$ cat start16.cif   # mmCIF, C-alpha atoms
data_run
loop_
_atom_site.label_atom_id
_atom_site.label_comp_id
_atom_site.auth_asym_id
_atom_site.auth_seq_id
_atom_site.Cartn_x
_atom_site.Cartn_y
_atom_site.Cartn_z
CA MET Z 1 -103.00 -23.18 37.61
CA PRO Z 2 -105.13 -25.72 35.70
CA SER Z 3 -106.62 -28.58 37.69
CA VAL Z 4 -105.97 -31.23 34.99
CA PRO Z 5 -102.57 -32.34 33.77
CA ALA Z 6 -101.43 -31.14 30.35
CA PRO Z 7 -101.36 -33.84 27.62
CA ALA Z 8 -97.96 -35.24 26.83
CA GLY Z 9 -96.54 -33.73 23.65
CA PRO Z 10 -94.90 -35.77 20.86
CA GLY Z 11 -91.56 -34.08 21.38
CA ARG Z 12 -89.68 -30.87 20.95
CA ASP Z 13 -90.18 -30.73 17.18
CA GLU Z 14 -93.61 -32.35 17.08
CA ASP Z 15 -92.04 -35.43 15.50
CA PRO Z 16 -93.90 -38.55 16.67
CA ALA Z 17 -90.99 -40.66 15.57
CA ARG Z 18 -88.59 -38.82 17.85
CA PRO Z 19 -88.51 -40.00 21.45
CA GLY Z 20 -88.68 -37.54 24.27
CA ARG Z 21 -84.98 -38.01 24.88
CA ASP Z 22 -81.99 -39.01 22.81
CA PRO Z 23 -81.71 -42.80 22.49
CA ASP Z 24 -78.94 -44.01 24.70
CA SER Z 25 -79.34 -47.78 24.84
CA PRO Z 26 -79.09 -50.02 21.79
CA GLU Z 27 -82.73 -51.01 22.24
CA ASP Z 28 -83.83 -47.35 22.10
CA GLN Z 29 -81.74 -46.78 18.98
CA GLU Z 30 -83.23 -49.81 17.21
CA ALA Z 31 -86.77 -48.74 18.08
CA TRP Z 32 -86.07 -45.23 16.86
CA LEU Z 33 -84.70 -46.47 13.55
CA ASP Z 34 -87.71 -48.78 13.10
CA ARG Z 35 -90.08 -45.88 13.51
CA LEU Z 36 -88.13 -43.80 11.00
CA CYS Z 37 -88.26 -46.64 8.46
CA GLU Z 38 -92.02 -46.91 8.89
CA ARG Z 39 -92.42 -43.22 8.07
CA ASP Z 40 -90.36 -43.54 4.86
CA ASP Z 41 -93.32 -45.27 3.15
CA ASP Z 42 -94.87 -42.27 1.43
CA PRO Z 43 -98.31 -43.18 -0.05
CA PHE Z 44 -98.11 -40.19 -2.39
CA TYR Z 45 -94.81 -41.27 -4.00
CA ASP Z 46 -95.38 -42.42 -7.59
CA PRO Z 47 -92.32 -44.21 -9.11
CA GLN Z 48 -93.77 -43.75 -12.58
CA GLU Z 49 -93.74 -39.99 -12.14
CA TYR Z 50 -90.59 -39.45 -10.14
CA TRP Z 51 -88.42 -42.32 -11.40
CA ASP Z 52 -84.70 -41.60 -11.51
CA PRO Z 53 -83.00 -44.32 -13.61
CA GLU Z 54 -79.65 -43.72 -11.88
CA ALA Z 55 -81.03 -43.88 -8.31
CA CYS Z 56 -83.50 -46.76 -8.31
CA ALA Z 57 -84.76 -49.72 -10.27
CA PRO Z 58 -86.75 -49.04 -13.44
CA PRO Z 59 -90.52 -49.54 -13.36
CA PRO Z 60 -92.03 -52.79 -14.63
CA GLY Z 61 -91.78 -53.13 -18.38
CA GLN Z 62 -88.65 -50.99 -18.61
CA ASP Z 63 -86.21 -53.23 -16.76
CA GLU Z 64 -84.98 -55.18 -19.82
CA LEU Z 65 -81.75 -54.46 -21.71
CA THR Z 66 -81.74 -53.86 -25.42
CA ALA Z 67 -80.02 -56.20 -27.86
CA GLU Z 68 -77.20 -53.69 -28.35
CA GLU Z 69 -76.64 -53.41 -24.59
CA LEU Z 70 -76.60 -57.18 -24.19
CA ALA Z 71 -74.10 -57.51 -27.06
CA GLY Z 72 -71.83 -54.92 -25.44
CA ILE Z 73 -71.95 -56.75 -22.10
CA ARG Z 74 -71.13 -60.08 -23.77
CA GLU Z 75 -68.20 -58.52 -25.65
CA ALA Z 76 -66.76 -56.95 -22.50
CA ALA Z 77 -67.13 -60.20 -20.56
CA ALA Z 78 -65.52 -62.17 -23.39
CA GLU Z 79 -62.51 -59.84 -23.49
CA GLU Z 80 -62.04 -60.13 -19.74
CA MET Z 81 -62.26 -63.93 -19.82
CA LEU Z 82 -59.89 -63.97 -22.79
CA ALA Z 83 -57.32 -62.01 -20.81
CA LEU Z 84 -57.68 -64.38 -17.84
CA ASP Z 85 -57.43 -67.50 -19.99
CA ALA Z 86 -54.44 -66.18 -21.94
CA ALA Z 87 -52.61 -65.31 -18.73
CA SER Z 88 -53.05 -68.78 -17.21
CA THR Z 89 -52.31 -71.16 -20.10
CA GLY Z 90 -48.51 -71.15 -19.80
CA ARG Z 91 -45.53 -70.29 -21.98
CA ARG Z 92 -46.40 -68.40 -25.18
CA GLY Z 93 -44.87 -69.10 -28.58
CA PRO Z 94 -44.76 -71.80 -31.28
CA GLY Z 95 -45.29 -75.23 -29.82
CA HIS Z 96 -46.02 -73.95 -26.32
CA PRO Z 97 -49.33 -74.43 -24.46
CA GLY Z 98 -49.99 -70.71 -24.10
CA SER Z 99 -50.47 -70.37 -27.85
CA ALA Z 100 -52.12 -73.73 -28.55
CA ARG Z 101 -55.59 -72.33 -29.32
CA ILE Z 102 -57.21 -69.19 -30.66
CA PHE Z 103 -59.76 -67.41 -28.50
CA PRO Z 104 -62.90 -65.98 -30.10
CA GLY Z 105 -63.23 -62.26 -30.65
CA GLU Z 106 -62.21 -59.45 -32.97
CA SER Z 107 -59.48 -56.85 -32.68
CA ALA Z 108 -58.54 -53.87 -34.79
CA SER Z 109 -55.33 -52.96 -32.97
CA ARG Z 110 -51.98 -52.99 -34.77
CA ALA Z 111 -50.88 -55.82 -32.44
CA ALA Z 112 -53.86 -58.05 -33.29
CA GLY Z 113 -51.59 -60.60 -34.99
CA PHE Z 114 -49.82 -61.16 -31.65
CA GLY Z 115 -53.00 -62.22 -29.86
CA THR Z 116 -53.24 -65.66 -28.32
CA GLY Z 117 -52.76 -68.31 -31.00
CA MET Z 118 -52.64 -65.78 -33.85
CA ALA Z 119 -50.15 -65.89 -36.72
CA TRP Z 120 -47.33 -63.83 -35.21
CA ASP Z 121 -47.85 -65.47 -31.80
CA VAL Z 122 -46.77 -68.84 -33.22
CA THR Z 123 -44.00 -67.56 -35.51
CA PRO Z 124 -40.41 -68.50 -34.56
CA GLY Z 125 -37.80 -65.80 -34.26
CA CYS Z 126 -36.93 -64.42 -37.68
CA ALA Z 127 -36.45 -61.16 -39.56
CA GLN Z 128 -40.11 -61.05 -40.63
CA LEU Z 129 -41.24 -61.32 -37.02
CA ALA Z 130 -38.94 -58.41 -36.15
CA VAL Z 131 -40.56 -56.21 -38.81
CA ALA Z 132 -44.07 -57.09 -37.60
CA ALA Z 133 -43.18 -56.57 -33.93
CA ASP Z 134 -41.57 -53.21 -34.68
CA ALA Z 135 -44.69 -52.09 -36.56
CA ALA Z 136 -46.90 -53.22 -33.66
CA VAL Z 137 -44.91 -51.16 -31.18
CA GLY Z 138 -45.40 -48.05 -33.31
CA GLY Z 139 -43.13 -45.10 -33.92
CA GLY Z 140 -42.75 -41.45 -33.15
CA PRO Z 141 -41.24 -39.83 -30.09
CA ALA Z 142 -43.03 -42.29 -27.78
CA ASP Z 143 -44.29 -45.79 -28.40
CA ARG Z 144 -48.04 -46.15 -27.95
CA PHE Z 145 -50.15 -49.18 -27.11
CA GLY Z 146 -53.62 -47.63 -27.20
CA GLY Z 147 -56.29 -50.15 -28.12
CA VAL Z 148 -53.94 -53.12 -27.65
CA ALA Z 149 -55.54 -55.85 -25.52
CA ASP Z 150 -53.62 -57.41 -22.64
CA HIS Z 151 -53.16 -60.79 -24.32
CA GLU Z 152 -51.89 -59.03 -27.47
CA LEU Z 153 -49.40 -57.01 -25.42
CA ILE Z 154 -48.12 -60.18 -23.70
CA GLY Z 155 -47.83 -61.85 -27.10
CA LEU Z 156 -45.79 -58.90 -28.34
CA VAL Z 157 -43.47 -59.15 -25.33
CA CYS Z 158 -42.98 -62.88 -25.99
CA ALA Z 159 -42.28 -62.14 -29.66
CA TRP Z 160 -39.51 -59.74 -28.70
CA ASP Z 161 -38.17 -62.42 -26.34
CA ARG Z 162 -37.93 -64.83 -29.29
CA LEU Z 163 -36.31 -62.13 -31.39
CA GLU Z 164 -33.75 -61.48 -28.67
CA ALA Z 165 -32.86 -65.18 -28.67
CA HIS Z 166 -32.78 -65.23 -32.47
CA ALA Z 167 -30.36 -62.30 -32.53
CA ALA Z 168 -28.18 -63.96 -29.89
CA ALA Z 169 -27.99 -67.13 -32.00
CA ARG Z 170 -26.96 -65.15 -35.08
CA LYS Z 171 -24.34 -63.35 -33.04
CA LEU Z 172 -22.90 -66.62 -31.74
CA ILE Z 173 -22.85 -68.09 -35.26
CA ALA Z 174 -20.77 -65.10 -36.38
CA ILE Z 175 -18.46 -65.53 -33.38
CA ALA Z 176 -18.02 -69.18 -34.32
CA GLU Z 177 -16.85 -68.01 -37.74
CA VAL Z 178 -14.34 -65.70 -36.02
CA PHE Z 179 -13.17 -68.78 -34.11
CA ARG Z 180 -12.81 -70.78 -37.35
CA ARG Z 181 -10.75 -68.08 -39.07
CA ASN Z 182 -8.28 -67.73 -36.22
CA PRO Z 183 -6.85 -71.15 -35.37
CA GLU Z 184 -3.82 -71.52 -33.19
CA ASP Z 185 -0.66 -72.34 -35.13
CA GLY Z 186 -0.51 -76.07 -35.72
CA PHE Z 187 -4.27 -76.58 -35.17
CA GLU Z 188 -5.58 -75.60 -38.60
CA PRO Z 189 -8.84 -77.53 -39.20
CA GLU Z 190 -10.16 -79.23 -42.28
CA PRO Z 191 -12.19 -77.04 -44.65
CA GLY Z 192 -15.54 -76.11 -43.11
CA GLN Z 193 -14.55 -77.35 -39.64
CA LEU Z 194 -13.80 -75.38 -36.49
CA PRO Z 195 -10.34 -75.66 -34.96
CA GLN Z 196 -9.91 -77.21 -31.55
CA VAL Z 197 -7.82 -74.26 -30.38
CA VAL Z 198 -8.27 -70.59 -31.22
CA HIS Z 199 -5.43 -68.09 -31.47
CA GLU Z 200 -4.65 -66.53 -28.12
CA PHE Z 201 -5.15 -62.94 -29.33
CA THR Z 202 -8.64 -63.59 -30.73
CA ARG Z 203 -10.15 -63.14 -27.28
CA ASP Z 204 -8.54 -59.69 -26.97
CA GLN Z 205 -9.69 -58.71 -30.44
CA LEU Z 206 -13.29 -59.67 -29.66
CA ALA Z 207 -13.21 -57.96 -26.25
CA TYR Z 208 -12.02 -54.67 -27.79
CA ALA Z 209 -14.59 -54.83 -30.58
CA LEU Z 210 -17.53 -55.46 -28.25
CA GLY Z 211 -16.35 -53.32 -25.36
CA GLU Z 212 -16.46 -56.40 -23.12
CA SER Z 213 -14.05 -57.90 -20.64
CA ARG Z 214 -11.58 -60.52 -21.77
CA SER Z 215 -13.34 -63.14 -19.63
CA ARG Z 216 -16.68 -62.36 -21.27
CA ALA Z 217 -15.14 -62.55 -24.75
CA ASP Z 218 -13.56 -65.87 -23.75
CA ALA Z 219 -16.97 -67.15 -22.63
CA LEU Z 220 -18.58 -66.08 -25.91
CA LEU Z 221 -15.94 -67.94 -27.90
CA THR Z 222 -16.46 -71.04 -25.78
CA VAL Z 223 -20.26 -70.99 -26.08
CA ALA Z 224 -20.08 -70.36 -29.83
CA TRP Z 225 -17.73 -73.33 -30.34
CA HIS Z 226 -19.87 -75.73 -28.31
CA LEU Z 227 -23.09 -74.71 -30.05
CA ALA Z 228 -21.53 -74.99 -33.49
CA THR Z 229 -19.87 -78.36 -32.92
CA ARG Z 230 -21.43 -80.33 -30.07
CA LEU Z 231 -24.89 -78.90 -29.36
CA PRO Z 232 -26.61 -78.19 -32.69
CA GLY Z 233 -30.06 -78.77 -31.19
CA THR Z 234 -29.48 -76.07 -28.61
CA LEU Z 235 -28.36 -73.67 -31.33
CA ASP Z 236 -31.50 -74.39 -33.38
CA ALA Z 237 -33.74 -73.87 -30.34
CA LEU Z 238 -32.01 -70.57 -29.60
CA ARG Z 239 -32.34 -69.40 -33.19
CA ASP Z 240 -36.09 -70.15 -33.19
CA GLY Z 241 -36.56 -68.47 -29.83
CA ALA Z 242 -37.64 -71.66 -28.07
CA ILE Z 243 -35.03 -71.01 -25.36
CA THR Z 244 -33.27 -67.86 -24.23
CA ARG Z 245 -29.56 -67.11 -24.43
CA PRO Z 246 -28.98 -67.67 -20.66
CA LYS Z 247 -30.58 -71.12 -20.96
CA ALA Z 248 -28.44 -71.98 -23.97
CA GLU Z 249 -25.32 -70.95 -22.05
CA LEU Z 250 -26.50 -72.98 -19.05
CA ILE Z 251 -26.72 -76.11 -21.22
CA VAL Z 252 -23.23 -75.42 -22.59
CA TRP Z 253 -21.64 -75.01 -19.17
CA ALA Z 254 -23.48 -78.04 -17.77
CA THR Z 255 -22.24 -80.33 -20.57
CA GLN Z 256 -18.79 -78.89 -21.30
CA HIS Z 257 -16.93 -81.73 -19.53
CA LEU Z 258 -18.88 -84.50 -21.30
CA ASP Z 259 -17.71 -86.12 -24.49
CA ASP Z 260 -19.61 -85.37 -27.68
CA ASP Z 261 -22.03 -88.31 -27.51
CA GLU Z 262 -22.82 -87.72 -23.84
CA ALA Z 263 -23.35 -84.02 -24.47
CA ARG Z 264 -25.87 -84.71 -27.23
CA LYS Z 265 -27.72 -87.25 -25.08
CA ALA Z 266 -27.94 -84.79 -22.19
CA GLU Z 267 -29.10 -82.11 -24.62
CA ALA Z 268 -31.83 -84.36 -26.01
CA LYS Z 269 -33.15 -85.14 -22.51
CA VAL Z 270 -33.69 -81.52 -21.46
CA LEU Z 271 -34.12 -79.56 -24.68
CA GLY Z 272 -37.76 -80.46 -25.30
CA ARG Z 273 -38.87 -78.84 -22.03
CA ALA Z 274 -36.09 -76.33 -21.54
CA GLY Z 275 -38.25 -73.50 -22.86
CA ARG Z 276 -40.91 -74.10 -20.20
CA LEU Z 277 -38.48 -74.61 -17.33
CA THR Z 278 -37.08 -71.79 -15.26
CA PRO Z 279 -33.27 -71.52 -15.25
CA GLY Z 280 -33.24 -73.14 -11.83
CA GLY Z 281 -35.45 -75.97 -13.04
CA LEU Z 282 -33.26 -76.49 -16.09
CA ARG Z 283 -30.16 -76.56 -13.94
CA SER Z 284 -31.79 -79.18 -11.70
CA ALA Z 285 -32.81 -81.28 -14.71
CA VAL Z 286 -29.24 -81.33 -16.00
CA ALA Z 287 -27.95 -82.07 -12.50
CA ARG Z 288 -30.28 -85.06 -12.21
CA GLY Z 289 -28.82 -86.39 -15.44
CA ASP Z 290 -25.31 -85.93 -14.03
CA ALA Z 291 -26.33 -87.79 -10.88
CA GLY Z 292 -27.57 -90.65 -13.06
CA ARG Z 293 -24.19 -90.92 -14.73
CA ALA Z 294 -22.46 -90.97 -11.33
CA ALA Z 295 -24.83 -93.72 -10.16
CA GLU Z 296 -23.80 -95.80 -13.14
CA GLY Z 297 -20.19 -95.63 -11.98
CA GLN Z 298 -19.12 -92.76 -14.23
CA GLU Z 299 -17.60 -89.59 -12.91
CA ALA Z 300 -20.02 -86.66 -12.96
CA PRO Z 301 -18.80 -83.56 -14.80
CA GLY Z 302 -17.07 -81.05 -12.64
CA GLY Z 303 -15.48 -83.72 -10.42
CA GLY Z 304 -11.87 -84.74 -10.10
CA GLY Z 305 -10.56 -81.18 -9.94
CA GLN Z 306 -12.07 -80.08 -13.26
CA GLY Z 307 -13.22 -76.79 -11.75
CA ARG Z 308 -16.48 -74.95 -12.05
CA PRO Z 309 -17.84 -73.73 -15.43
CA GLY Z 310 -17.03 -70.13 -16.24
CA ALA Z 311 -14.34 -67.92 -17.68
CA ALA Z 312 -11.52 -70.23 -16.55
CA ALA Z 313 -13.21 -73.15 -18.31
CA GLY Z 314 -13.03 -71.21 -21.54
CA ARG Z 315 -9.29 -70.82 -21.17
CA ARG Z 316 -8.84 -74.53 -20.51
CA PHE Z 317 -11.06 -75.30 -23.49
CA ARG Z 318 -8.97 -73.16 -25.85
CA GLN Z 319 -5.93 -75.24 -24.89
CA ARG Z 320 -7.72 -78.48 -25.73
CA ARG Z 321 -5.79 -80.71 -28.12
CA PRO Z 322 -7.35 -82.31 -31.22
CA ASP Z 323 -7.14 -85.77 -29.66
CA GLY Z 324 -9.37 -84.64 -26.78
CA ALA Z 325 -6.66 -84.38 -24.09
CA ARG Z 326 -6.30 -81.06 -22.32
CA ALA Z 327 -2.99 -79.36 -21.82
CA PRO Z 328 -2.38 -77.77 -18.41
CA ALA Z 329 -3.78 -74.25 -18.14
CA GLY Z 330 -1.06 -71.68 -18.17
#
$ encode --input "start16.cif" --output "structure tokens"
Amino acid sequence: MPSVPAPAGPGRDEDPARPGRDPDSPEDQEAWLDRLCERDDDPFYDPQEYWDPEACAPPPGQDELTAEELAGIREAAAEEMLALDAASTGRRGPGHPGSARIFPGESASRAAGFGTGMAWDVTPGCAQLAVAADAAVGGGPADRFGGVADHELIGLVCAWDRLEAHAAARKLIAIAEVFRRNPEDGFEPEPGQLPQVVHEFTRDQLAYALGESRSRADALLTVAWHLATRLPGTLDALRDGAITRPKAELIVWATQHLDDDEARKAEAKVLGRAGRLTPGGLRSAVARGDAGRAAEGQEAPGGGGQGRPGAAAGRRFRQRRPDGARAPAG
């Protein structure tokens, strides 16, 4: 047995950075990690010789981007900011804030004309817009939108929304002509005018032709008459796509118990912002106008047992006399 103690070894694997026992306390773990970090500094490592461009920073002199790379980065950033700006500017379409300005950039997609502020983005609903929108969607067994930017796609959706309203207006104009050609006996109008009362079987004829219920056909006849006679501004806004069909019907039902002058005044108050309002907001705006009339001592529409707007209102309307009085529903 030797008379001197053996020197303490660095550890089981001759690793001076490894303690003689596994680190248990947080202090031991921190000290162990510090020693490992100190050993990672290899004096023989040459970044010029072993540089991996995907794993570490480039060496001095090679850390600058080329002009082409900078241009690509600017283009990608501009497209992203364009999408964010276009999504936060508001309602799209002619006269609306979402299409008030054109954003910089170039596009080669077939929907480029529907980009923010571009020609088709500010075109009212019309047959030409329908042709352009159909071409932008594409054809074949499946519609494709490859290469179409987000703001162009949203513009295309808004264009179809205007076209849907435009088609609804044309449909209601044709229904108004059906109304004109089928007056109730004794209520024949003057040439070019709509009768006050439509023949009772016209509703059934329209319901059978459209595959709709009689109440829905009755509502269509009522809306068509009001738009053609009392609310021309609402009809024009619907034809241009400034408002949707449900909003046009909401204005009709909210003003159906007003006389002609009051209906046009109520229409003028809400029509300019109706396209930007939600249906609930539009309903509230019309209701505030009704409350103003009641405050002035006039009866608000819908009071005095008039009944709520809807299918029954259409039946009462069709029994309206030329002098403005209403016969009892029956």
$ resolve_selection --input "start16.cif" --expression "the PyMOL selection byres ((chain Z and resi 237-254) around 9)" --output "ChimeraX atom specification"
/Z:93-96,123-126,159,161-170,222-223,226-227,231-236,255-258,263,266-267,270-271,274-276,278-279,282-283,286-287,290,301-302,308-310,313
$ atom_distance --input "start16.cif" --atom1 "atom CA of Z:Glu262" --atom2 "atom CA of Z:Arg214"
29.5 Å
$ atom_distance --input "start16.cif" --atom1 "atom CA of Z:Ala136" --atom2 "atom CA of Z:Trp160"
11.0 Å
$ resolve_selection --input "start16.cif" --expression "the PyMOL selection byres ((chain Z and resi 172-176) around 8)" --output "PyMOL selection string"
chain Z and resi 168-171+177-180+194+220-221+223-225+228
$ write_last_selection --input "start16.cif" --atoms "C-alpha atoms" --output "PDB file, keeping the file's coordinate frame"
ATOM      1  CA  ALA Z 168     -28.180 -63.960 -29.890  1.00  0.00           C
ATOM      2  CA  ALA Z 169     -27.990 -67.130 -32.000  1.00  0.00           C
ATOM      3  CA  ARG Z 170     -26.960 -65.150 -35.080  1.00  0.00           C
ATOM      4  CA  LYS Z 171     -24.340 -63.350 -33.040  1.00  0.00           C
ATOM      5  CA  GLU Z 177     -16.850 -68.010 -37.740  1.00  0.00           C
ATOM      6  CA  VAL Z 178     -14.340 -65.700 -36.020  1.00  0.00           C
ATOM      7  CA  PHE Z 179     -13.170 -68.780 -34.110  1.00  0.00           C
ATOM      8  CA  ARG Z 180     -12.810 -70.780 -37.350  1.00  0.00           C
ATOM      9  CA  LEU Z 194     -13.800 -75.380 -36.490  1.00  0.00           C
ATOM     10  CA  LEU Z 220     -18.580 -66.080 -25.910  1.00  0.00           C
ATOM     11  CA  LEU Z 221     -15.940 -67.940 -27.900  1.00  0.00           C
ATOM     12  CA  VAL Z 223     -20.260 -70.990 -26.080  1.00  0.00           C
ATOM     13  CA  ALA Z 224     -20.080 -70.360 -29.830  1.00  0.00           C
ATOM     14  CA  TRP Z 225     -17.730 -73.330 -30.340  1.00  0.00           C
ATOM     15  CA  ALA Z 228     -21.530 -74.990 -33.490  1.00  0.00           C
TER      16      ALA Z 228
END
$ atom_distance --input "start16.cif" --atom1 "atom CA of Z:Leu277" --atom2 "atom CA of Z:Ala100"
17.7 Å
$ resolve_selection --input "start16.cif" --expression "the PyMOL selection byres ((chain Z and resi 182) around 9)" --output "PyMOL selection string"
chain Z and resi 177-181+183-185+188+195+197-202
$ residues_around --input "start16.cif" --residues "Z:Phe114" --least-positions-apart "3" --cutoff "6 Å" --atoms "all atoms listed in the file" --output "ChimeraX atom specification"
/Z:111,118,120-121,152,155-156
$ residues_around --input "start16.cif" --residues "Z:Phe145" --least-positions-apart "3" --cutoff "12 Å" --atoms "all atoms listed in the file" --output "PyMOL selection string"
chain Z and resi 109-112+135-139+142+148-150+152-154+156
$ closest_residue --input "start16.cif" --among "Z:Gln196, Z:Thr66, Z:Gln128, Z:Ser99" --to "Z:Thr229" --atoms "all atoms listed in the file"
Z:Gln196
